[in-house]
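Participant: This is the structure, below, for whatever I ask next.
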Amino acid sequence: MKKRQQYEDFLKDVVILKNLGDYERSQLADSLQKQTVQKGENVITQGEEGSKFYLVEEGELAAMKSTEGDPEREVKSYKMGDYFGELALIKEVKRQASVVARTDAKLLWIDRRGFTSLLGDLKADMETLAAQYAP
């Protein structure tokens, strides 16, 4: 199966992307890059500048957040079909949590420019969902 078709099939199952049209989905599929991470590896680090939006193709990850004076705690978990990294891109803020791989994982990502041009219409939906994240 070609990469584009494989990614398009995967994207159809990502809840936030279900309303993308065929053309937008194929454009996104063509823009995605693959990244493999090992168990225990940090994908993003709290406080860093954000430049990528990630989709979980395979594996499990956890968002870990530290606040001044308190130990780091898990605030969200991710599995196949989930996404992360959108907050830094839609709100133009630094990374609000670190994301670490609980298992070996395969991720798909798109950079800020691609995210803005291909997924900009989903910004309001993503902001609404982001409001549900633990503080």
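Starting from 1 in every chain, residues are counted up; chains themselves are A, B, ... following the order of the structure tokens, and ligands are numbered from 1 as listed.
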Could you pull out all residues of chain A with a DSSP call of strand (DSSP E or B) and give them as number ranges by chain?
Facilitator: A: 33-37, 42-44, 52-58, 61-65, 73-78, 83-84, 98-101, 105-111
Participant: Out of chain A, which residues get helix (DSSP H, G or I) from DSSP, as a PyMOL selection string?
Facilitator: chain A and resi 3-12+15-17+22-31+86-90+112-130
Participant: Keeping N, CA and C atoms, export the residues of the selection given above as a compact mmCIF listing (two decimals), in the first residue's frame.
Facilitator:
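Writing the result to result-v9.txt gives the following:
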```txt
# COMPACT_ATOMS: atom_id res chain seq x y z
N LYS A 3 2.27 5.03 0.66
CA LYS A 3 2.30 5.86 1.87
C LYS A 3 1.07 6.75 1.95
N ARG A 4 0.72 7.43 0.85
CA ARG A 4 -0.42 8.35 0.88
C ARG A 4 -1.70 7.63 1.29
N GLN A 5 -1.97 6.49 0.67
CA GLN A 5 -3.20 5.75 0.97
C GLN A 5 -3.20 5.25 2.41
N GLN A 6 -2.06 4.76 2.87
CA GLN A 6 -1.93 4.29 4.24
C GLN A 6 -2.22 5.43 5.22
N TYR A 7 -1.64 6.60 4.98
CA TYR A 7 -1.85 7.74 5.86
C TYR A 7 -3.28 8.25 5.77
N GLU A 8 -3.85 8.27 4.56
CA GLU A 8 -5.24 8.72 4.42
C GLU A 8 -6.17 7.82 5.21
N ASP A 9 -5.96 6.51 5.14
CA ASP A 9 -6.79 5.57 5.91
C ASP A 9 -6.64 5.82 7.40
N PHE A 10 -5.41 6.06 7.85
CA PHE A 10 -5.17 6.35 9.26
C PHE A 10 -5.87 7.65 9.67
N LEU A 11 -5.76 8.69 8.84
CA LEU A 11 -6.34 10.00 9.18
C LEU A 11 -7.86 9.95 9.29
N LYS A 12 -8.51 9.06 8.57
CA LYS A 12 -9.96 8.92 8.66
C LYS A 12 -10.41 8.51 10.05
N VAL A 15 -10.21 11.38 15.30
CA VAL A 15 -11.48 12.06 15.58
C VAL A 15 -11.48 13.52 15.13
N ILE A 16 -10.48 14.28 15.48
CA ILE A 16 -10.47 15.72 15.17
C ILE A 16 -10.39 15.97 13.66
N LEU A 17 -9.96 14.96 12.89
CA LEU A 17 -9.78 15.13 11.45
C LEU A 17 -10.89 14.50 10.62
N ASP A 22 -11.77 14.85 1.22
CA ASP A 22 -10.78 13.96 0.60
C ASP A 22 -9.54 14.71 0.15
N TYR A 23 -9.73 15.89 -0.45
CA TYR A 23 -8.59 16.66 -0.94
C TYR A 23 -7.69 17.10 0.22
N GLU A 24 -8.30 17.64 1.29
CA GLU A 24 -7.53 18.09 2.44
C GLU A 24 -6.80 16.92 3.10
N ARG A 25 -7.49 15.78 3.19
CA ARG A 25 -6.88 14.59 3.80
C ARG A 25 -5.68 14.13 2.98
N SER A 26 -5.79 14.14 1.66
CA SER A 26 -4.66 13.70 0.83
C SER A 26 -3.50 14.70 0.91
N GLN A 27 -3.82 15.99 0.99
CA GLN A 27 -2.77 17.01 1.17
C GLN A 27 -2.03 16.80 2.49
N LEU A 28 -2.79 16.53 3.55
CA LEU A 28 -2.18 16.28 4.85
C LEU A 28 -1.34 15.01 4.80
N ALA A 29 -1.87 13.95 4.20
CA ALA A 29 -1.13 12.68 4.10
C ALA A 29 0.21 12.89 3.40
N ASP A 30 0.21 13.70 2.36
CA ASP A 30 1.45 13.97 1.62
C ASP A 30 2.44 14.79 2.43
N SER A 31 1.97 15.54 3.41
CA SER A 31 2.82 16.43 4.19
C SER A 31 3.39 15.78 5.45
N GLU A 86 -0.53 20.55 19.61
CA GLU A 86 -1.31 21.61 18.97
C GLU A 86 -1.35 22.90 19.78
N LEU A 87 -1.26 22.81 21.11
CA LEU A 87 -1.37 24.02 21.94
C LEU A 87 -0.32 25.06 21.58
N ALA A 88 0.92 24.62 21.44
CA ALA A 88 2.00 25.56 21.12
C ALA A 88 1.78 26.20 19.75
N LEU A 89 1.11 25.49 18.86
CA LEU A 89 0.91 26.02 17.52
C LEU A 89 -0.33 26.90 17.42
N ILE A 90 -1.42 26.54 18.08
CA ILE A 90 -2.63 27.35 17.95
C ILE A 90 -2.62 28.56 18.87
N ARG A 112 4.87 23.59 11.72
CA ARG A 112 3.97 24.72 11.98
C ARG A 112 3.35 25.26 10.68
N ARG A 113 4.13 25.41 9.66
CA ARG A 113 3.64 25.96 8.40
C ARG A 113 2.57 25.06 7.79
N GLY A 114 2.85 23.76 7.74
CA GLY A 114 1.87 22.82 7.20
C GLY A 114 0.63 22.75 8.05
N PHE A 115 0.83 22.79 9.37
CA PHE A 115 -0.30 22.76 10.31
C PHE A 115 -1.21 23.96 10.05
N THR A 116 -0.62 25.13 9.94
CA THR A 116 -1.41 26.35 9.74
C THR A 116 -2.16 26.32 8.41
N SER A 117 -1.47 25.91 7.34
CA SER A 117 -2.13 25.94 6.04
C SER A 117 -3.13 24.81 5.85
N LEU A 118 -2.84 23.62 6.40
CA LEU A 118 -3.72 22.47 6.17
C LEU A 118 -4.77 22.26 7.25
N LEU A 119 -4.45 22.66 8.48
CA LEU A 119 -5.36 22.39 9.59
C LEU A 119 -5.89 23.65 10.27
N GLY A 120 -5.62 24.80 9.70
CA GLY A 120 -6.04 26.07 10.29
C GLY A 120 -7.53 26.15 10.56
N ASP A 121 -8.33 25.52 9.69
CA ASP A 121 -9.78 25.55 9.88
C ASP A 121 -10.23 24.77 11.12
N LEU A 122 -9.38 23.91 11.63
CA LEU A 122 -9.72 23.11 12.82
C LEU A 122 -9.31 23.79 14.12
N LYS A 123 -8.73 24.98 14.02
CA LYS A 123 -8.20 25.67 15.19
C LYS A 123 -9.25 25.83 16.29
N ALA A 124 -10.45 26.26 15.96
CA ALA A 124 -11.49 26.47 16.97
C ALA A 124 -11.85 25.15 17.66
N ASP A 125 -11.98 24.07 16.89
CA ASP A 125 -12.28 22.77 17.48
C ASP A 125 -11.17 22.32 18.43
N MET A 126 -9.92 22.53 18.01
CA MET A 126 -8.79 22.13 18.85
C MET A 126 -8.71 22.96 20.12
N GLU A 127 -9.01 24.25 20.02
CA GLU A 127 -9.01 25.10 21.22
C GLU A 127 -10.09 24.66 22.20
N THR A 128 -11.26 24.28 21.69
CA THR A 128 -12.34 23.80 22.56
C THR A 128 -11.91 22.53 23.28
N LEU A 129 -11.33 21.59 22.55
CA LEU A 129 -10.86 20.35 23.17
C LEU A 129 -9.72 20.59 24.14
N ALA A 130 -8.85 21.53 23.80
CA ALA A 130 -7.70 21.82 24.66
C ALA A 130 -8.14 22.39 26.01
```
Participant: Can you pull out the residues contacting range 48-61 of chain A? Cut-off 6 Å, using only C-alpha atoms, and skip same-chain residues under 2 positions away; I want them as a ChimeraX atom specification.
Facilitator: /A:45-46,77-86,88,94-95,100-112
Participant: What's the separation between CA of Val75 in chain A and CA of Ala62 in chain A, in Å to one decimal place?
Facilitator: 7.6 Å
Participant: Pick the closest to Met64 in chain A from A:Ala97, A:Lys18, A:Lys39, A:Gly47: which is it, counting only C-alpha atoms?
Facilitator: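 Ranking A:Ala97, A:Lys18, A:Lys39, A:Gly47 by distance to Met64 in chain A, first place goes to A:Ala97.
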